[in-house]
Number of protein chains: 2
Amino acid sequence: MKVSTRREDFLQTSLELIHEKGFKATTMRDIAERMGFDVSNSYNYIKSKQDILELFLFRTSAEFHNTMDNILACSYTADEKLKQVISAHIQVAAKKPFEVALMVNEWRNLSEPKYNEYVALRNLYEKKMAKLLREGVQQGVFKEMDVKIATALILSSIRWLYDAYANTKKAMNPIELERQIVGLVLEGVLK
Amino acid sequence: MKVSTRREDFLQTSLELIHEKGFKATTMRDIAERMGFDVSNSYNYIKSKQDILELFLFRTSAEFHNTMDNILACSYTADEKLKQVISAHIQVAAKKPFEVALMVNEWRNLSEPKYNEYVALRNLYEKKMAKLLREGVQQGVFKEMDVKIATALILSSIRWLYDAYANTKKAMNPIELERQIVGLVLEGVLK
DNA sequence: TTCAAATATAAACAATTGTTGACTTAAAAT
DNA sequence: ATTTTAAGTCAACAATTGTTTATATTTGAA
């Protein structure tokens, strides 16, 4: 094992710095300084600044898609599937908060060939969620609703989750977090 | 009437450009070019690039706070208040989608004295929402729940709304939008 | 020991960026 | 008619930025 831990360090440092200052505001010199070496050395680990962004964005996106695909392919009922998706989101957010923060905040900074690719992946994920909801409506387990709106709302409602773990002051209990969020999404706030 | 419409034009152009490219990626030269004049002339309308950001951010924030304060001071029940808040968010998002987009996406680009000010306003707004929810729980109209989590979830769930209006392809009906979102937040997706 | 790969430095580049100062011209108010 | 104000141009600045090239040092394997 151990495949150039130096590169991993460099990428992790990049990730944390980008989370702190934003991608555009983070300079290659910032990253190098925190690593303790000169800027030019950074280019032994990465081809360009854009590549840092691409690497994390597409890797984490693939992880979300994989999980979603597995859940969709199960024989669960739609409400069970939705719970699974929420659960998975919480787990990823808890384990890789900086990667998720990057996905939420920095994807707009991709430049043109990759930007379109990424937006397509994003739309695809939205479509998968919409399919899940439509399934539930047809099964009679979800109420009649505008699936497009519900999709946007539910995905948006779990986008903040990384924040509960990226800013380490608290370290929220994932089990309780899941219980609360599932309760709110499935049954709302009314008694 | 008519108070220097030229300045308004400049600010509106800035706003749209920032929405398209992001604040950091939008240069003063970009804005000037779209206005049809030289960069230097921009500084007859604004003191600095940061000032453009501050102006919109604090102005729109104040609008949200005002509305929230008025709703909180009413004699409505908590569930009615929550509906009012959601309704207000939709109206602002429909009328000023670019301003709202700025609030959602660009507040991190504020620099230090103003950044803290803005974060404080943000936290205050969250506290006001939490108060509304706690009220509802005490009145017995909302179920028992972790108010901190519910606050984050609800606010996050309506953050995407500007997107339904900023990208003009559709121009969604605000009445139906409100019906759907209120239904989902209050009662969830289950039948 | 030798040799190649990994790790690092130093210096410089070309481009971009926010901002300023000195002037000019057009429009409005006195 | 004169003067103030609004609107605009031109040239230049200092700083920052991503990236490259050439070169040196360290390290692990042969």
# chains A, B, ... in the order shown; residues from 1 in each chain; ligands from 1

$ closest_atom_pairs --of "chain A" --to "chain D" --cutoff "9 Å" --atoms "only C-alpha atoms (C1' of nucleotides)" --output "tab-separated table"
residue	atom	partner	partner_atom	distance
A:Thr27	CA	D:DT17	C1'	7.5
A:Met28	CA	D:DG18	C1'	7.6
A:Ser40	CA	D:DT19	C1'	8.3
A:Tyr43	CA	D:DT19	C1'	8.6
A:Ser48	CA	D:DG18	C1'	8.1
A:Lys49	CA	D:DG18	C1'	7.8

$ write_last_selection --atoms "N, CA, C and O atoms" --output "tab-separated table (two decimals), in the first residue's frame"
chain	number	residue	atom	x	y	z
A	27	THR	N	-5.17	30.63	-4.11
A	27	THR	CA	-4.13	30.65	-5.13
A	27	THR	C	-3.23	29.44	-4.98
A	27	THR	O	-3.15	28.83	-3.91
A	28	MET	N	-2.58	29.10	-6.06
A	28	MET	CA	-1.63	28.00	-6.02
A	28	MET	C	-0.54	28.28	-4.98
A	28	MET	O	-0.04	27.35	-4.33
A	40	SER	N	6.05	26.30	-7.51
A	40	SER	CA	6.37	25.50	-8.70
A	40	SER	C	6.31	24.00	-8.43
A	40	SER	O	5.97	23.21	-9.31
A	43	TYR	N	3.21	21.73	-9.22
A	43	TYR	CA	2.96	21.18	-10.56
A	43	TYR	C	3.63	19.83	-10.77
A	43	TYR	O	3.56	19.26	-11.85
A	48	SER	N	-2.91	21.28	-13.44
A	48	SER	CA	-3.37	22.67	-13.41
A	48	SER	C	-4.32	22.87	-12.24
A	48	SER	O	-4.83	21.91	-11.66
A	49	LYS	N	-4.59	24.10	-11.93
A	49	LYS	CA	-5.50	24.42	-10.83
A	49	LYS	C	-6.89	23.84	-11.11
A	49	LYS	O	-7.54	23.29	-10.22

$ residues_around --residues "segment 75-89 of chain A" --least-positions-apart "2" --cutoff "6 Å" --atoms "only C-alpha atoms (C1' of nucleotides)" --output "list in words"
Gln91, Val92 and Gly136 of chain A

$ calpha_fit_and_write --fixed "chain A" --moving "chain B" --output "mmCIF file with C-alpha atoms, in the first residue's frame"
data_model
loop_
_atom_site.group_PDB
_atom_site.id
_atom_site.type_symbol
_atom_site.label_atom_id
_atom_site.label_comp_id
_atom_site.auth_asym_id
_atom_site.auth_seq_id
_atom_site.Cartn_x
_atom_site.Cartn_y
_atom_site.Cartn_z
ATOM 1 C CA MET B 1 0.120 0.014 0.034
ATOM 2 C CA LYS B 2 0.979 3.695 0.271
ATOM 3 C CA VAL B 3 0.789 5.309 -3.138
ATOM 4 C CA SER B 4 2.512 8.658 -2.912
ATOM 5 C CA THR B 5 0.953 10.011 0.268
ATOM 6 C CA ARG B 6 2.572 13.311 -0.636
ATOM 7 C CA ARG B 7 0.157 13.831 -3.472
ATOM 8 C CA GLU B 8 -2.765 12.918 -1.230
ATOM 9 C CA ASP B 9 -1.557 15.476 1.291
ATOM 10 C CA PHE B 10 -1.366 18.109 -1.403
ATOM 11 C CA LEU B 11 -4.882 17.387 -2.615
ATOM 12 C CA GLN B 12 -6.321 17.289 0.893
ATOM 13 C CA THR B 13 -4.670 20.607 1.706
ATOM 14 C CA SER B 14 -6.069 22.068 -1.498
ATOM 15 C CA LEU B 15 -9.512 20.826 -0.568
ATOM 16 C CA GLU B 16 -9.467 22.377 2.873
ATOM 17 C CA LEU B 17 -8.096 25.655 1.628
ATOM 18 C CA ILE B 18 -10.724 25.848 -1.087
ATOM 19 C CA HIS B 19 -13.359 25.226 1.533
ATOM 20 C CA GLU B 20 -11.975 28.082 3.639
ATOM 21 C CA LYS B 21 -11.480 30.711 0.967
ATOM 22 C CA GLY B 22 -13.358 29.534 -2.099
ATOM 23 C CA PHE B 23 -11.819 28.187 -5.296
ATOM 24 C CA LYS B 24 -11.168 31.469 -7.067
ATOM 25 C CA ALA B 25 -9.725 33.088 -3.955
ATOM 26 C CA THR B 26 -7.384 30.192 -3.272
ATOM 27 C CA THR B 27 -4.105 30.651 -5.128
ATOM 28 C CA MET B 28 -1.601 27.991 -6.016
ATOM 29 C CA ARG B 29 0.795 29.898 -3.782
ATOM 30 C CA ASP B 30 -1.633 29.581 -0.856
ATOM 31 C CA ILE B 31 -1.689 25.820 -1.207
ATOM 32 C CA ALA B 32 2.070 25.527 -1.629
ATOM 33 C CA GLU B 33 2.671 27.728 1.386
ATOM 34 C CA ARG B 34 0.502 25.531 3.594
ATOM 35 C CA MET B 35 2.356 22.494 2.274
ATOM 36 C CA GLY B 36 5.636 24.159 3.099
ATOM 37 C CA PHE B 37 7.182 24.274 -0.356
ATOM 38 C CA ASP B 38 7.471 26.539 -3.376
ATOM 39 C CA VAL B 39 4.602 27.097 -5.848
ATOM 40 C CA SER B 40 6.394 25.485 -8.700
ATOM 41 C CA ASN B 41 6.584 22.190 -6.867
ATOM 42 C CA SER B 42 2.796 21.973 -6.885
ATOM 43 C CA TYR B 43 2.942 21.176 -10.570
ATOM 44 C CA ASN B 44 4.663 17.899 -9.770
ATOM 45 C CA TYR B 45 1.365 16.803 -8.245
ATOM 46 C CA ILE B 46 -1.270 18.343 -10.445
ATOM 47 C CA LYS B 47 -1.422 19.486 -14.054
ATOM 48 C CA SER B 48 -3.367 22.675 -13.403
ATOM 49 C CA LYS B 49 -5.500 24.414 -10.833
ATOM 50 C CA GLN B 50 -8.630 23.455 -12.723
ATOM 51 C CA ASP B 51 -7.621 19.805 -12.398
ATOM 52 C CA ILE B 52 -7.912 19.990 -8.623
ATOM 53 C CA LEU B 53 -11.502 21.109 -8.983
ATOM 54 C CA GLU B 54 -12.346 18.533 -11.642
ATOM 55 C CA LEU B 55 -10.792 15.692 -9.700
ATOM 56 C CA PHE B 56 -12.888 16.186 -6.572
ATOM 57 C CA LEU B 57 -16.055 17.204 -8.356
ATOM 58 C CA PHE B 58 -16.283 14.226 -10.678
ATOM 59 C CA ARG B 59 -15.035 11.733 -8.120
ATOM 60 C CA THR B 60 -17.621 12.747 -5.515
ATOM 61 C CA SER B 61 -20.360 13.046 -8.111
ATOM 62 C CA ALA B 62 -19.672 9.479 -9.203
ATOM 63 C CA GLU B 63 -19.979 8.347 -5.607
ATOM 64 C CA PHE B 64 -23.413 9.949 -5.282
ATOM 65 C CA HIS B 65 -24.560 8.468 -8.577
ATOM 66 C CA ASN B 66 -23.365 5.005 -7.613
ATOM 67 C CA THR B 67 -25.226 5.077 -4.345
ATOM 68 C CA MET B 68 -28.361 6.439 -5.996
ATOM 69 C CA ASP B 69 -28.251 3.754 -8.708
ATOM 70 C CA ASN B 70 -27.909 0.967 -6.173
ATOM 71 C CA ILE B 71 -30.837 2.269 -4.170
ATOM 72 C CA LEU B 72 -33.042 2.708 -7.235
ATOM 73 C CA ALA B 73 -32.297 -0.879 -8.320
ATOM 74 C CA CYS B 74 -33.519 -2.317 -5.016
ATOM 75 C CA SER B 75 -36.922 -3.859 -4.370
ATOM 76 C CA TYR B 76 -37.677 -1.359 -1.614
ATOM 77 C CA THR B 77 -40.870 0.670 -1.727
ATOM 78 C CA ALA B 78 -40.417 4.285 -2.805
ATOM 79 C CA ASP B 79 -40.580 5.681 0.701
ATOM 80 C CA GLU B 80 -37.912 3.234 1.832
ATOM 81 C CA LYS B 81 -35.766 4.275 -1.116
ATOM 82 C CA LEU B 82 -36.138 7.917 -0.239
ATOM 83 C CA LYS B 83 -35.048 7.177 3.309
ATOM 84 C CA GLN B 84 -32.027 5.327 1.935
ATOM 85 C CA VAL B 85 -31.069 8.276 -0.267
ATOM 86 C CA ILE B 86 -31.293 10.681 2.646
ATOM 87 C CA SER B 87 -29.309 8.312 4.818
ATOM 88 C CA ALA B 88 -26.617 8.034 2.155
ATOM 89 C CA HIS B 89 -26.386 11.816 1.818
ATOM 90 C CA ILE B 90 -25.855 12.171 5.540
ATOM 91 C CA GLN B 91 -23.158 9.524 5.546
ATOM 92 C CA VAL B 92 -21.220 11.115 2.697
ATOM 93 C CA ALA B 93 -21.603 14.566 4.227
ATOM 94 C CA ALA B 94 -20.318 13.242 7.546
ATOM 95 C CA LYS B 95 -17.362 11.375 6.073
ATOM 96 C CA LYS B 96 -16.345 13.830 3.350
ATOM 97 C CA PRO B 97 -17.727 17.239 4.295
ATOM 98 C CA PHE B 98 -15.137 19.187 2.285
ATOM 99 C CA GLU B 99 -15.784 17.227 -0.870
ATOM 100 C CA VAL B 100 -19.495 17.845 -0.512
ATOM 101 C CA ALA B 101 -18.899 21.520 0.218
ATOM 102 C CA LEU B 102 -16.947 21.696 -3.028
ATOM 103 C CA MET B 103 -19.827 20.143 -4.930
ATOM 104 C CA VAL B 104 -22.320 22.569 -3.476
ATOM 105 C CA ASN B 105 -20.290 25.752 -3.762
ATOM 106 C CA GLU B 106 -17.659 25.529 -6.473
ATOM 107 C CA TRP B 107 -19.002 23.657 -9.472
ATOM 108 C CA ARG B 108 -19.711 26.938 -11.238
ATOM 109 C CA ASN B 109 -15.956 27.499 -11.484
ATOM 110 C CA LEU B 110 -15.435 24.629 -13.884
ATOM 111 C CA SER B 111 -14.398 25.827 -17.320
ATOM 112 C CA GLU B 112 -16.135 25.010 -20.496
ATOM 113 C CA PRO B 113 -15.696 21.505 -21.682
ATOM 114 C CA LYS B 114 -15.976 20.082 -18.180
ATOM 115 C CA TYR B 115 -18.657 22.490 -17.031
ATOM 116 C CA ASN B 116 -21.222 21.078 -19.423
ATOM 117 C CA GLU B 117 -20.272 17.540 -18.496
ATOM 118 C CA TYR B 118 -20.831 18.312 -14.858
ATOM 119 C CA VAL B 119 -24.134 20.080 -15.378
ATOM 120 C CA ALA B 120 -25.316 17.032 -17.295
ATOM 121 C CA LEU B 121 -24.403 14.821 -14.339
ATOM 122 C CA ARG B 122 -26.244 17.178 -12.048
ATOM 123 C CA ASN B 123 -29.378 17.097 -14.189
ATOM 124 C CA LEU B 124 -29.165 13.330 -14.418
ATOM 125 C CA TYR B 125 -29.088 13.053 -10.645
ATOM 126 C CA GLU B 126 -32.144 15.251 -10.440
ATOM 127 C CA LYS B 127 -33.891 13.018 -12.967
ATOM 128 C CA LYS B 128 -33.114 9.952 -10.896
ATOM 129 C CA MET B 129 -34.635 11.574 -7.837
ATOM 130 C CA ALA B 130 -37.685 12.628 -9.848
ATOM 131 C CA LYS B 131 -38.082 9.051 -11.025
ATOM 132 C CA LEU B 132 -38.031 7.852 -7.422
ATOM 133 C CA LEU B 133 -40.743 10.325 -6.478
ATOM 134 C CA ARG B 134 -42.914 9.490 -9.489
ATOM 135 C CA GLU B 135 -42.600 5.833 -8.540
ATOM 136 C CA GLY B 136 -43.858 6.652 -5.074
ATOM 137 C CA VAL B 137 -46.829 8.574 -6.391
ATOM 138 C CA GLN B 138 -47.796 5.709 -8.681
ATOM 139 C CA GLN B 139 -47.441 3.209 -5.837
ATOM 140 C CA GLY B 140 -49.782 5.398 -3.825
ATOM 141 C CA VAL B 141 -47.271 5.804 -1.015
ATOM 142 C CA PHE B 142 -46.566 9.464 -1.893
ATOM 143 C CA LYS B 143 -49.345 11.984 -2.366
ATOM 144 C CA GLU B 144 -50.165 13.676 -5.659
ATOM 145 C CA MET B 145 -47.663 16.461 -6.221
ATOM 146 C CA ASP B 146 -45.633 18.427 -8.752
ATOM 147 C CA VAL B 147 -42.649 16.099 -8.992
ATOM 148 C CA LYS B 148 -40.380 18.752 -10.489
ATOM 149 C CA ILE B 149 -40.951 21.074 -7.552
ATOM 150 C CA ALA B 150 -40.705 18.288 -4.992
ATOM 151 C CA THR B 151 -37.413 17.135 -6.477
ATOM 152 C CA ALA B 152 -35.861 20.583 -6.328
ATOM 153 C CA LEU B 153 -37.131 21.111 -2.801
ATOM 154 C CA ILE B 154 -35.939 17.810 -1.394
ATOM 155 C CA LEU B 155 -32.497 17.987 -2.989
ATOM 156 C CA SER B 156 -32.100 21.553 -1.820
ATOM 157 C CA SER B 157 -33.261 20.648 1.678
ATOM 158 C CA ILE B 158 -30.358 18.219 2.178
ATOM 159 C CA ARG B 159 -27.682 20.355 0.514
ATOM 160 C CA TRP B 160 -26.696 22.088 3.779
ATOM 161 C CA LEU B 161 -25.782 18.819 5.505
ATOM 162 C CA TYR B 162 -22.038 19.119 4.913
ATOM 163 C CA ASP B 163 -22.093 22.259 7.008
ATOM 164 C CA ALA B 164 -22.971 20.253 10.119
ATOM 165 C CA TYR B 165 -19.642 18.443 9.723
ATOM 166 C CA ALA B 166 -17.290 20.794 7.861
ATOM 167 C CA ASN B 167 -17.337 23.299 10.696
ATOM 168 C CA THR B 168 -16.282 20.911 13.365
ATOM 169 C CA LYS B 169 -17.572 22.674 16.458
ATOM 170 C CA LYS B 170 -20.344 20.171 16.998
ATOM 171 C CA ALA B 171 -19.971 16.825 15.158
ATOM 172 C CA MET B 172 -23.649 15.963 15.036
ATOM 173 C CA ASN B 173 -24.918 12.455 15.636
ATOM 174 C CA PRO B 174 -25.753 11.004 12.193
ATOM 175 C CA ILE B 175 -28.414 8.617 13.491
ATOM 176 C CA GLU B 176 -30.437 11.344 15.174
ATOM 177 C CA LEU B 177 -29.859 13.645 12.200
ATOM 178 C CA GLU B 178 -31.292 11.034 9.889
ATOM 179 C CA ARG B 179 -34.311 10.442 12.120
ATOM 180 C CA GLN B 180 -35.133 14.143 12.183
ATOM 181 C CA ILE B 181 -34.654 14.778 8.470
ATOM 182 C CA VAL B 182 -36.553 11.698 7.356
ATOM 183 C CA GLY B 183 -39.381 12.742 9.660
ATOM 184 C CA LEU B 184 -39.499 16.234 8.211
ATOM 185 C CA VAL B 185 -39.251 15.251 4.549
ATOM 186 C CA LEU B 186 -41.776 12.446 4.769
ATOM 187 C CA GLU B 187 -44.296 13.924 7.180
ATOM 188 C CA GLY B 188 -43.582 17.656 7.370
ATOM 189 C CA VAL B 189 -43.669 19.861 10.431
ATOM 190 C CA LEU B 190 -47.367 19.586 11.304
ATOM 191 C CA LYS B 191 -48.424 17.472 14.257
#

$ interface_residues --of "chain C" --to "chain A" --cutoff "9 Å" --atoms "only C-alpha atoms (C1' of nucleotides)" --output "number ranges by chain"
C: 7-9
